[in-house]
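Novice: File name my_file-v7.txt; file contents compact mmCIF, C-alpha atoms and all ligand atoms; full text below.
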# COMPACT_ATOMS: atom_id res chain seq x y z
CA MET A 20 27.25 166.77 -14.62
CA SER A 21 23.97 166.75 -12.66
CA ASP A 22 23.58 164.40 -9.70
CA ALA A 23 21.18 162.18 -11.66
CA ALA A 24 23.53 162.01 -14.68
CA HIS A 25 26.44 161.16 -12.39
CA LEU A 26 24.40 158.35 -10.78
CA THR A 27 23.10 156.85 -14.02
CA LYS A 28 26.68 156.84 -15.35
CA ALA A 29 27.75 154.82 -12.30
CA VAL A 30 24.89 152.39 -13.00
CA ARG A 31 26.01 152.04 -16.66
CA GLY A 32 29.44 151.21 -15.23
CA ARG A 33 27.94 148.07 -13.68
CA GLU A 34 26.98 146.45 -16.99
CA LYS A 35 29.53 143.67 -16.38
CA LEU A 36 27.72 142.63 -13.19
CA ALA A 37 24.48 142.21 -15.18
CA GLY A 38 26.19 140.08 -17.82
CA ALA A 39 27.89 137.92 -15.19
CA VAL A 40 24.65 137.26 -13.27
CA PHE A 41 22.70 136.35 -16.43
CA ASP A 42 25.54 134.04 -17.54
CA ALA A 43 25.70 132.30 -14.15
CA LEU A 44 21.92 131.85 -14.07
CA ALA A 45 21.93 130.33 -17.55
CA ALA A 46 24.85 128.03 -16.76
CA LYS A 47 23.37 126.70 -13.52
CA THR A 48 19.65 126.48 -14.31
CA ARG A 49 19.55 125.25 -17.89
CA ARG A 50 17.66 121.95 -18.15
CA GLY A 51 17.53 120.49 -21.65
CA ALA A 52 16.82 123.09 -24.30
CA GLY A 53 15.57 125.77 -21.92
CA ILE A 54 15.85 127.26 -18.47
CA CYS A 55 14.01 125.58 -15.61
CA ARG A 56 13.77 127.35 -12.28
CA ALA A 57 10.68 125.78 -10.75
CA SER A 58 8.99 127.68 -7.91
CA TYR A 59 10.63 126.64 -4.61
CA SER A 60 13.23 124.39 -6.21
CA PRO A 61 17.02 124.10 -5.87
CA GLU A 62 17.37 126.06 -9.14
CA GLU A 63 15.23 128.91 -7.83
CA ASN A 64 17.28 128.79 -4.60
CA TYR A 65 20.44 129.11 -6.66
CA ALA A 66 19.11 132.30 -8.24
CA HIS A 67 18.18 133.77 -4.84
CA ASP A 68 21.56 132.89 -3.34
CA LEU A 69 23.35 134.43 -6.31
CA ILE A 70 21.45 137.73 -5.99
CA ALA A 71 22.10 137.77 -2.22
CA GLU A 72 25.81 137.05 -2.72
CA GLU A 73 26.24 139.75 -5.37
CA GLY A 74 24.29 142.18 -3.20
CA LYS A 75 26.64 141.58 -0.27
CA ARG A 76 29.67 141.86 -2.53
CA ALA A 77 28.41 145.28 -3.67
CA GLY A 78 28.16 146.39 -0.03
CA LEU A 79 24.35 146.24 0.16
CA GLU A 80 22.13 144.83 2.94
CA VAL A 81 20.55 141.42 2.35
CA SER A 82 17.56 139.82 4.06
CA ARG A 83 14.88 137.14 3.58
CA ASP A 84 11.26 136.86 4.64
CA ALA A 85 9.07 133.92 5.73
CA ALA A 86 8.20 133.12 2.10
CA ALA A 87 11.97 132.99 1.36
CA ASN A 88 11.80 136.07 -0.87
CA THR A 89 15.17 137.87 -1.06
CA TYR A 90 15.66 141.60 -0.38
CA VAL A 91 18.76 143.64 -1.24
CA THR A 92 18.75 147.17 0.17
CA LEU A 93 20.69 150.38 -0.25
CA PRO A 94 19.96 152.06 3.11
CA GLY A 95 18.55 155.58 2.99
CA LYS A 96 19.14 158.55 5.30
CA ASP A 97 15.77 158.02 6.97
CA ARG A 98 15.39 154.31 7.57
CA LYS A 99 11.84 154.76 8.83
CA ALA A 100 10.62 156.47 5.63
CA PRO A 101 8.49 154.24 3.37
CA PRO A 102 10.98 152.48 1.06
CA VAL A 103 10.90 152.15 -2.71
CA LEU A 104 10.62 148.52 -3.70
CA MET A 105 11.54 147.18 -7.11
CA GLY A 106 12.01 143.71 -8.48
CA SER A 107 10.47 140.72 -10.17
CA HIS A 108 10.49 136.93 -9.93
CA LEU A 109 13.38 134.48 -10.14
CA ASP A 110 11.43 131.35 -11.06
CA SER A 111 10.68 130.33 -14.65
CA VAL A 112 8.35 127.96 -16.45
CA ALA A 113 9.78 124.59 -17.59
CA GLU A 114 11.72 124.99 -20.87
CA GLY A 115 11.58 128.74 -20.34
CA GLY A 116 14.00 131.58 -21.01
CA ASN A 117 16.64 133.17 -18.81
CA TYR A 118 15.28 136.71 -18.68
CA ASP A 119 11.57 136.45 -17.88
CA GLY A 120 11.53 137.65 -14.29
CA ALA A 121 15.27 137.60 -13.60
CA ALA A 122 15.82 140.77 -15.67
CA GLY A 123 13.80 142.81 -13.16
CA VAL A 124 15.81 141.57 -10.18
CA VAL A 125 19.16 142.06 -11.92
CA ALA A 126 18.12 145.59 -12.99
CA GLY A 127 17.44 146.55 -9.37
CA LEU A 128 20.68 144.96 -8.20
CA VAL A 129 22.73 146.74 -10.89
CA ALA A 130 21.08 150.09 -10.10
CA LEU A 131 21.77 149.79 -6.36
CA ALA A 132 25.35 148.56 -6.93
CA GLY A 133 25.99 151.58 -9.19
CA PHE A 134 24.54 153.97 -6.59
CA LYS A 135 26.72 152.40 -3.93
CA ASP A 136 29.80 152.82 -6.16
CA ALA A 137 28.90 156.49 -6.58
CA GLY A 138 28.68 156.90 -2.80
CA TRP A 139 25.04 158.04 -2.92
CA THR A 140 22.81 157.77 0.13
CA PRO A 141 19.16 158.15 -0.95
CA ALA A 142 16.61 159.84 1.28
CA ARG A 143 14.80 156.55 1.87
CA ASP A 144 15.70 152.85 1.60
CA LEU A 145 15.81 151.50 -1.94
CA THR A 146 15.19 147.76 -2.01
CA VAL A 147 15.22 145.19 -4.78
CA MET A 148 13.08 142.13 -4.14
CA GLY A 149 13.77 138.72 -5.66
CA VAL A 150 10.25 137.32 -5.69
CA ARG A 151 9.45 133.62 -5.27
CA ALA A 152 6.95 131.61 -7.24
CA GLU A 153 5.35 134.03 -9.69
CA GLU A 154 4.79 131.47 -12.44
CA SER A 155 1.40 129.89 -11.82
CA ALA A 156 2.43 126.87 -13.92
CA TRP A 157 3.95 125.24 -10.81
CA PHE A 158 1.30 125.59 -8.09
CA GLN A 159 -1.65 126.82 -10.23
CA VAL A 160 -1.70 129.92 -8.02
CA SER A 161 -0.40 133.30 -9.13
CA TYR A 162 1.91 135.70 -7.28
CA ILE A 163 2.66 133.36 -4.34
CA GLY A 164 5.84 135.17 -3.25
CA SER A 165 4.59 138.73 -3.55
CA ARG A 166 1.16 137.98 -2.06
CA SER A 167 2.75 136.08 0.86
CA ALA A 168 5.01 139.06 1.57
CA LEU A 169 1.99 141.40 1.45
CA GLY A 170 0.00 139.04 3.68
CA VAL A 171 -2.85 138.61 1.20
CA LEU A 172 -2.48 134.97 0.15
CA ALA A 173 -5.31 132.83 1.60
CA PRO A 174 -3.87 130.76 4.52
CA ASP A 175 -5.20 127.42 3.20
CA VAL A 176 -3.22 127.75 -0.06
CA TYR A 177 0.05 126.71 1.64
CA GLU A 178 -1.42 123.25 2.19
CA THR A 179 -3.87 122.91 -0.71
CA ALA A 180 -1.59 124.06 -3.53
CA LYS A 181 0.48 121.14 -4.82
CA ARG A 182 3.36 121.49 -7.24
CA THR A 183 2.32 120.06 -10.58
CA ASP A 184 5.50 117.98 -11.05
CA THR A 185 6.05 116.65 -7.50
CA GLY A 186 2.49 116.56 -6.15
CA ARG A 187 3.86 117.91 -2.84
CA SER A 188 2.42 120.92 -1.01
CA LEU A 189 3.57 124.51 -1.25
CA ALA A 190 4.30 124.45 2.51
CA GLU A 191 6.62 121.46 2.14
CA HIS A 192 8.54 123.04 -0.74
CA MET A 193 8.72 126.36 1.12
CA VAL A 194 10.26 124.76 4.21
CA GLU A 195 12.90 123.07 2.05
CA CYS A 196 13.85 126.50 0.70
CA GLY A 197 14.20 128.10 4.13
CA GLY A 198 10.68 129.54 4.34
CA ASP A 199 8.29 129.47 7.30
CA PRO A 200 4.78 128.69 6.02
CA ASP A 201 3.45 128.29 9.60
CA LYS A 202 4.29 131.92 10.27
CA LEU A 203 2.55 132.96 7.05
CA ARG A 204 -0.53 130.86 7.87
CA ARG A 205 -0.83 132.39 11.34
CA GLY A 206 -1.21 135.80 9.71
CA GLY A 207 -0.11 138.70 11.89
CA ALA A 208 1.85 141.64 10.54
CA PRO A 209 2.97 140.92 6.96
CA HIS A 210 6.62 141.40 5.98
CA LEU A 211 5.57 144.21 3.63
CA ASP A 212 3.01 146.76 4.77
CA ALA A 213 1.45 147.99 1.50
CA LYS A 214 0.51 151.30 3.14
CA ARG A 215 4.15 151.90 4.00
CA LEU A 216 5.62 151.33 0.55
CA HIS A 217 6.53 154.48 -1.38
CA ALA A 218 6.29 152.69 -4.75
CA PHE A 219 6.82 149.39 -6.54
CA LEU A 220 8.66 149.30 -9.89
CA GLU A 221 9.14 146.23 -12.05
CA LEU A 222 11.34 145.95 -15.11
CA HIS A 223 10.40 142.95 -17.27
CA ILE A 224 11.09 141.70 -20.76
CA GLU A 225 8.22 142.43 -23.10
CA GLN A 226 6.35 139.22 -23.87
CA GLY A 227 4.81 140.49 -27.06
CA PRO A 228 6.35 141.43 -30.40
CA VAL A 229 5.64 145.19 -30.32
CA LEU A 230 8.98 146.66 -29.21
CA HIS A 231 10.95 144.31 -31.42
CA ALA A 232 8.72 144.94 -34.43
CA GLU A 233 8.92 148.72 -33.98
CA GLY A 234 12.65 148.81 -33.27
CA LEU A 235 12.36 150.28 -29.78
CA PRO A 236 14.55 149.13 -26.87
CA ILE A 237 12.11 150.00 -24.08
CA GLY A 238 8.46 150.51 -23.28
CA ILE A 239 6.59 152.03 -20.36
CA ALA A 240 3.51 150.10 -19.24
CA THR A 241 0.09 151.70 -19.45
CA GLY A 242 -1.41 148.89 -17.39
CA ILE A 243 -1.50 145.18 -16.65
CA PRO A 244 -4.54 143.55 -18.17
CA GLY A 245 -7.37 142.19 -16.12
CA ASN A 246 -9.30 139.30 -17.58
CA PHE A 247 -12.38 137.18 -17.43
CA ARG A 248 -12.20 133.53 -18.39
CA HIS A 249 -14.53 130.69 -19.15
CA PRO A 250 -12.48 127.47 -19.10
CA GLN A 251 -15.31 125.36 -20.51
CA ILE A 252 -18.07 126.79 -22.67
CA VAL A 253 -20.32 124.06 -24.09
CA PHE A 254 -22.69 124.23 -27.07
CA THR A 255 -25.04 121.25 -27.10
CA GLY A 256 -26.85 120.50 -30.36
CA GLU A 257 -27.95 117.24 -31.88
CA TYR A 258 -25.85 114.63 -33.67
CA GLY A 259 -27.32 113.97 -37.09
CA HIS A 260 -26.63 112.69 -40.57
CA VAL A 261 -24.59 114.98 -42.83
CA GLY A 262 -27.50 115.05 -45.27
CA TYR A 263 -29.81 116.60 -42.67
CA ALA A 264 -31.47 119.77 -44.01
CA ARG A 265 -30.24 123.09 -42.65
CA GLU A 266 -33.55 124.21 -41.19
CA TYR A 267 -33.82 121.10 -38.99
CA ARG A 268 -30.24 120.93 -37.84
CA ARG A 269 -28.95 121.78 -34.39
CA ASP A 270 -25.29 122.18 -35.29
CA ALA A 271 -22.95 122.87 -32.34
CA ALA A 272 -19.92 123.39 -34.62
CA LEU A 273 -21.58 126.25 -36.54
CA ALA A 274 -22.72 127.83 -33.27
CA ALA A 275 -19.14 127.76 -31.93
CA ALA A 276 -17.88 129.22 -35.23
CA ALA A 277 -20.51 131.99 -35.02
CA LEU A 278 -19.39 132.83 -31.49
CA ILE A 279 -15.71 132.97 -32.48
CA SER A 280 -16.23 135.04 -35.62
CA GLY A 281 -18.55 137.37 -33.68
CA LEU A 282 -15.86 137.85 -31.04
CA ASP A 283 -13.25 138.46 -33.73
CA ARG A 284 -15.42 141.24 -35.22
CA LEU A 285 -15.83 142.71 -31.74
CA TRP A 286 -12.04 142.67 -31.36
CA GLU A 287 -11.52 144.50 -34.67
CA GLU A 288 -14.18 147.08 -33.82
CA THR A 289 -12.63 147.68 -30.40
CA LEU A 290 -9.13 148.15 -31.80
CA ALA A 291 -10.51 150.55 -34.41
CA THR A 292 -11.65 152.84 -31.57
CA GLY A 293 -8.09 152.91 -30.21
CA GLN A 294 -8.85 150.77 -27.16
CA ASN A 295 -6.77 147.73 -26.25
CA MET A 296 -7.88 144.16 -25.68
CA THR A 297 -7.03 140.61 -26.67
CA LEU A 298 -9.10 137.46 -26.76
CA THR A 299 -8.09 133.83 -27.09
CA VAL A 300 -9.98 130.62 -27.72
CA GLY A 301 -7.24 128.30 -26.49
CA ARG A 302 -9.18 125.04 -26.56
CA LEU A 303 -11.80 124.15 -29.16
CA PHE A 304 -13.06 120.68 -29.91
CA THR A 305 -15.86 118.34 -30.81
CA ASP A 306 -16.25 115.18 -28.74
CA PRO A 307 -13.84 112.56 -30.17
CA ALA A 308 -15.96 109.74 -28.71
CA ASN A 309 -18.94 110.76 -30.84
CA HIS A 310 -17.76 112.97 -33.70
CA ALA A 311 -17.29 111.72 -37.26
CA LEU A 312 -16.69 112.95 -40.78
CA THR A 313 -20.29 112.15 -41.60
CA LYS A 314 -22.02 113.54 -38.51
CA VAL A 315 -23.41 116.95 -37.59
CA ALA A 316 -21.56 117.90 -34.38
CA GLY A 317 -23.81 117.53 -31.35
CA ARG A 318 -21.38 119.00 -28.85
CA VAL A 319 -18.54 121.55 -28.99
CA GLU A 320 -16.42 122.73 -26.09
CA LEU A 321 -14.20 125.79 -26.04
CA SER A 322 -12.30 127.99 -23.61
CA LEU A 323 -12.19 131.78 -23.66
CA ASP A 324 -9.83 134.36 -22.16
CA MET A 325 -10.63 138.05 -22.76
CA ARG A 326 -8.34 140.74 -21.37
CA SER A 327 -7.83 144.47 -21.33
CA THR A 328 -6.09 147.11 -19.23
CA ASP A 329 -9.31 149.16 -19.12
CA PRO A 330 -11.74 147.99 -16.38
CA ALA A 331 -14.76 149.75 -17.96
CA LEU A 332 -14.00 148.28 -21.39
CA LEU A 333 -13.62 144.81 -19.87
CA LYS A 334 -17.09 145.08 -18.35
CA MET A 335 -18.57 146.15 -21.68
CA LEU A 336 -16.74 143.32 -23.47
CA GLU A 337 -18.18 140.76 -21.11
CA ALA A 338 -21.73 141.96 -21.78
CA ARG A 339 -21.08 141.89 -25.55
CA PHE A 340 -19.55 138.41 -25.32
CA GLN A 341 -22.64 137.09 -23.51
CA ALA A 342 -24.96 138.58 -26.13
CA ILE A 343 -22.90 137.18 -29.02
CA ALA A 344 -22.85 133.71 -27.42
CA GLN A 345 -26.61 133.83 -26.85
CA ASP A 346 -27.24 134.91 -30.46
CA ALA A 347 -25.04 132.08 -31.77
CA ALA A 348 -26.94 129.51 -29.70
CA GLU A 349 -30.34 130.81 -30.84
CA ARG A 350 -29.37 131.06 -34.48
CA TYR A 351 -28.32 127.39 -34.59
CA ARG A 352 -30.97 126.17 -32.08
CA VAL A 353 -28.43 124.71 -29.68
CA GLY A 354 -28.01 124.79 -25.90
CA LEU A 355 -25.39 127.05 -24.34
CA ASP A 356 -23.61 126.57 -21.01
CA LEU A 357 -20.93 129.17 -20.23
CA GLY A 358 -19.67 127.07 -17.29
CA ARG A 359 -17.30 128.38 -14.63
CA ARG A 360 -16.14 132.01 -14.78
CA THR A 361 -12.91 133.31 -13.25
CA SER A 362 -11.52 136.82 -13.38
CA ALA A 363 -8.54 138.99 -12.42
CA ALA A 364 -8.62 142.72 -11.77
CA VAL A 365 -6.74 145.19 -13.97
CA GLY A 366 -3.30 146.19 -12.61
CA VAL A 367 -3.51 149.96 -12.66
CA MET A 368 -0.27 151.89 -13.21
CA ASP A 369 0.43 155.07 -11.26
CA ASP A 370 0.02 158.03 -13.64
CA THR A 371 2.62 160.19 -11.89
CA ILE A 372 5.37 157.56 -11.97
CA ARG A 373 4.44 156.64 -15.55
CA GLY A 374 4.89 160.25 -16.63
CA GLN A 375 8.20 160.50 -14.77
CA LEU A 376 9.50 157.32 -16.45
CA LEU A 377 8.49 158.65 -19.87
CA ARG A 378 10.31 161.92 -19.17
CA ALA A 379 13.37 159.98 -17.96
CA ALA A 380 13.49 157.94 -21.19
CA LYS A 381 13.11 161.13 -23.23
CA THR A 382 15.82 162.98 -21.30
CA LEU A 383 18.17 160.02 -21.74
CA GLY A 384 17.44 160.08 -25.49
CA LEU A 385 16.17 156.48 -25.51
CA PRO A 386 13.56 155.52 -28.13
CA HIS A 387 10.48 154.20 -26.34
CA LYS A 388 6.71 153.99 -26.40
CA GLU A 389 3.85 153.34 -24.03
CA ILE A 390 2.51 149.81 -24.27
CA ALA A 391 -0.11 147.76 -22.45
CA SER A 392 1.44 144.77 -20.73
CA PRO A 393 0.52 141.61 -22.64
CA ALA A 394 0.94 139.42 -19.54
CA SER A 395 0.42 139.27 -15.79
CA HIS A 396 3.19 140.35 -13.42
CA ASP A 397 4.01 140.65 -9.70
CA ALA A 398 3.41 144.38 -10.16
CA ALA A 399 -0.32 143.57 -10.39
CA ALA A 400 -0.22 142.16 -6.83
CA PHE A 401 1.33 145.38 -5.53
CA SER A 402 -1.09 147.53 -7.51
CA ALA A 403 -4.02 145.51 -6.12
CA ALA A 404 -2.66 146.14 -2.60
CA GLY A 405 -2.79 149.90 -3.26
CA VAL A 406 0.93 150.54 -3.81
CA PRO A 407 1.76 153.16 -6.51
CA THR A 408 3.13 150.87 -9.22
CA ALA A 409 4.84 151.17 -12.61
CA MET A 410 6.58 148.91 -15.12
CA ILE A 411 9.38 149.23 -17.66
CA PHE A 412 9.52 146.75 -20.55
CA VAL A 413 12.68 145.69 -22.37
CA ARG A 414 12.63 144.58 -26.01
CA ASN A 415 12.85 140.84 -26.39
CA ASP A 416 12.75 138.64 -29.46
CA HIS A 417 10.75 135.39 -29.77
CA GLY A 418 8.27 136.06 -26.94
CA SER A 419 8.79 134.37 -23.60
CA HIS A 420 8.07 131.09 -21.81
CA ASN A 421 10.25 129.38 -24.41
CA PRO A 422 14.00 128.73 -24.77
CA ASP A 423 14.39 131.17 -27.70
CA GLU A 424 13.53 134.23 -25.63
CA HIS A 425 16.25 136.76 -26.43
CA MET A 426 17.21 140.06 -24.86
CA GLU A 427 20.21 142.21 -25.78
CA LEU A 428 22.29 143.34 -22.81
CA SER A 429 22.40 146.87 -24.27
CA ASP A 430 18.56 147.04 -24.28
CA PHE A 431 18.54 145.74 -20.73
CA MET A 432 20.96 148.46 -19.66
CA ASP A 433 18.76 151.11 -21.34
CA GLY A 434 15.80 149.92 -19.27
CA THR A 435 17.93 149.75 -16.13
CA VAL A 436 19.17 153.29 -16.64
CA VAL A 437 15.57 154.56 -16.97
CA LEU A 438 14.83 152.83 -13.65
CA ALA A 439 18.00 154.27 -12.09
CA SER A 440 17.24 157.73 -13.38
CA TRP A 441 13.76 157.60 -11.81
CA LEU A 442 15.26 156.44 -8.50
CA ALA A 443 17.85 159.24 -8.59
CA GLU A 444 15.34 161.98 -9.51
CA HIS A 445 12.21 160.87 -7.65
CA GLY A 446 12.23 157.55 -5.76
CA GLY A 447 15.28 158.23 -3.66
CA LYS A 448 14.19 161.75 -2.70
ZN ZN B 501 7.59 137.07 -15.71
The structure given in the file should be rewritten as structure tokens.
Ligand SMILES: [Zn+2]

Specialist:
Amino acid sequence: MSDAAHLTKAVRGREKLAGAVFDALAAKTRRGAGICRASYSPEENYAHDLIAEEGKRAGLEVSRDAAANTYVTLPGKDRKAPPVLMGSHLDSVAEGGNYDGAAGVVAGLVALAGFKDAGWTPARDLTVMGVRAEESAWFQVSYIGSRSALGVLAPDVYETAKRTDTGRSLAEHMVECGGDPDKLRRGGAPHLDAKRLHAFLELHIEQGPVLHAEGLPIGIATGIPGNFRHPQIVFTGEYGHVGYAREYRRDAALAAAALISGLDRLWEETLATGQNMTLTVGRLFTDPANHALTKVAGRVELSLDMRSTDPALLKMLEARFQAIAQDAAERYRVGLDLGRRTSAAVGVMDDTIRGQLLRAAKTLGLPHKEIASPASHDAAAFSAAGVPTAMIFVRNDHGSHNPDEHMELSDFMDGTVVLASWLAEHGGK
């Protein structure tokens, strides 16, 4: 048996640990129908303490940083060599599922525990990170834990970000969970120096239907989508009687419909060329104070999110969107205000690691495919900081951010073994 095969077998031998951690998390953090591990809450603390405890029990090193992120490390031969970091977040949305985030932390823990059982000392430190506060639902800020660790979260956020349910500041919640926001605000050397990280790997449940629909246990990410968003696009026409002749109308509802159907055609055309994107009009409404069955709509508001893993395509899509919106406004003689624009950069995956993960899955005989990540992940924060980054997806039924999220332990172990195999063959060398 080769070294790598011997090591991945030891990792497979730790399946029970994975099951036990998922069961404990579900038992202790279920609230109502779903799981609720709010960012910087007692439930999130429970998850961090559990990972730390199991890490210690497996004979691994455990530490925390000023943002109260948890690190579990299998020490390498050269402790000064840039470490491999892996992991994901331990918080969840309200009424969420048990695996979104936690799967990535448990995968790292199980891999390191298996390596320890096998008596392997890697060339460099291998560390799994339990990340705090990834879900932007709680503080309306994304990647709080990973960006704090990397020292790239704006210092004012600790005071200005308030948790949506308590109204209290991020700093206050952080202190309650053993963090030190003053230290983070002062800046100085961050806990993680992006230039001194060998790689960042994140295993995560897939949040789309692709792997389930195609009967594949795992996927390797081609990229994490960047996006541009307009939270409030407004078409302003003129309210009028329903009998008003077409040529005199200024109908905001038809203009909005023209924009949406134009974007839908653009989506179909783009997919036909083999490129990936998605677009969503999440909010769409006439003004309830003024609309009526017998009135031409004088005002329509809508939101738009367009995303892709290809930065050049995203730029082209934005130009096309603006032209389509302009055409719709002109055609129906209405005013157009695109309102505020926000954007997020594409999370680029490291080609070398991607290729190595694909080869690992193939060698292990595990059915897989390359897929674009449908959602945002901590990995995007590491990629943005310049760390070579890759992601492994695990099949999951019923999407995520809901209580019906469902992952099979056997699929999880397949993903974990791909991660372990990469660590044994590449990351730990
Ligand atoms: Zn997640």

Novice: Enumerate residues in contact with ligand ZN 501 (chain B): an atom-to-atom distance of at most 9 Å, counting all atoms listed in the file. Format the result as a list in words.

Specialist: Ser107, His108, Leu109, Asp110, Ser111, Tyr118, Asp119, Gly120, Ala121, Gly123, Glu153, Glu154, His223, Ile224, Gln226, Ala394, Ser395, His396, Asp397, Ser419 and His420 of chain A

Novice: My list of candidates is A:Met105, A:Val112, A:Met335, A:Leu128. Which is closest to Pro407 of chain A when distances are computed with all atoms listed in the file?

Specialist: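 Selected residue with least distance to Pro407 of chain A: A:Met105.
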
Novice: Give the answer as one residue: which of A:Gly198, A:Gly138, A:Gly418, A:Gly447 has the shortest atom-to-atom distance to Val229 of chain A, using only C-alpha atoms?

Specialist: A:Gly418

Novice: Could you work out how far atom CA of Ala364 of chain A lies from atom CA of Val176 of chain A, giving the answer in Å with one decimal?

Specialist: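 Separation between atom CA of Val176 of chain A and atom CA of Ala364 of chain A: 19.8 Å.
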
Novice: Return the single residue from A:Gly74, A:Gly170, A:Gly164, A:Gly374 that is closest to Ile411 of chain A, with distances computed using all atoms listed in the file.

Specialist: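 For Ile411 of chain A, the nearest of the given residues is A:Gly374.
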
Novice: Contacts of Glu34 of chain A at 9 Å or less, counting only C-alpha atoms, minus same-chain residues fewer than 2 places along, as a list in words?

Specialist: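 Returned residues: Val30, Arg31, Gly32, Leu36, Ala37, Gly38, Ala39, Val129, Leu428, Ser429 and Met432 of chain A.
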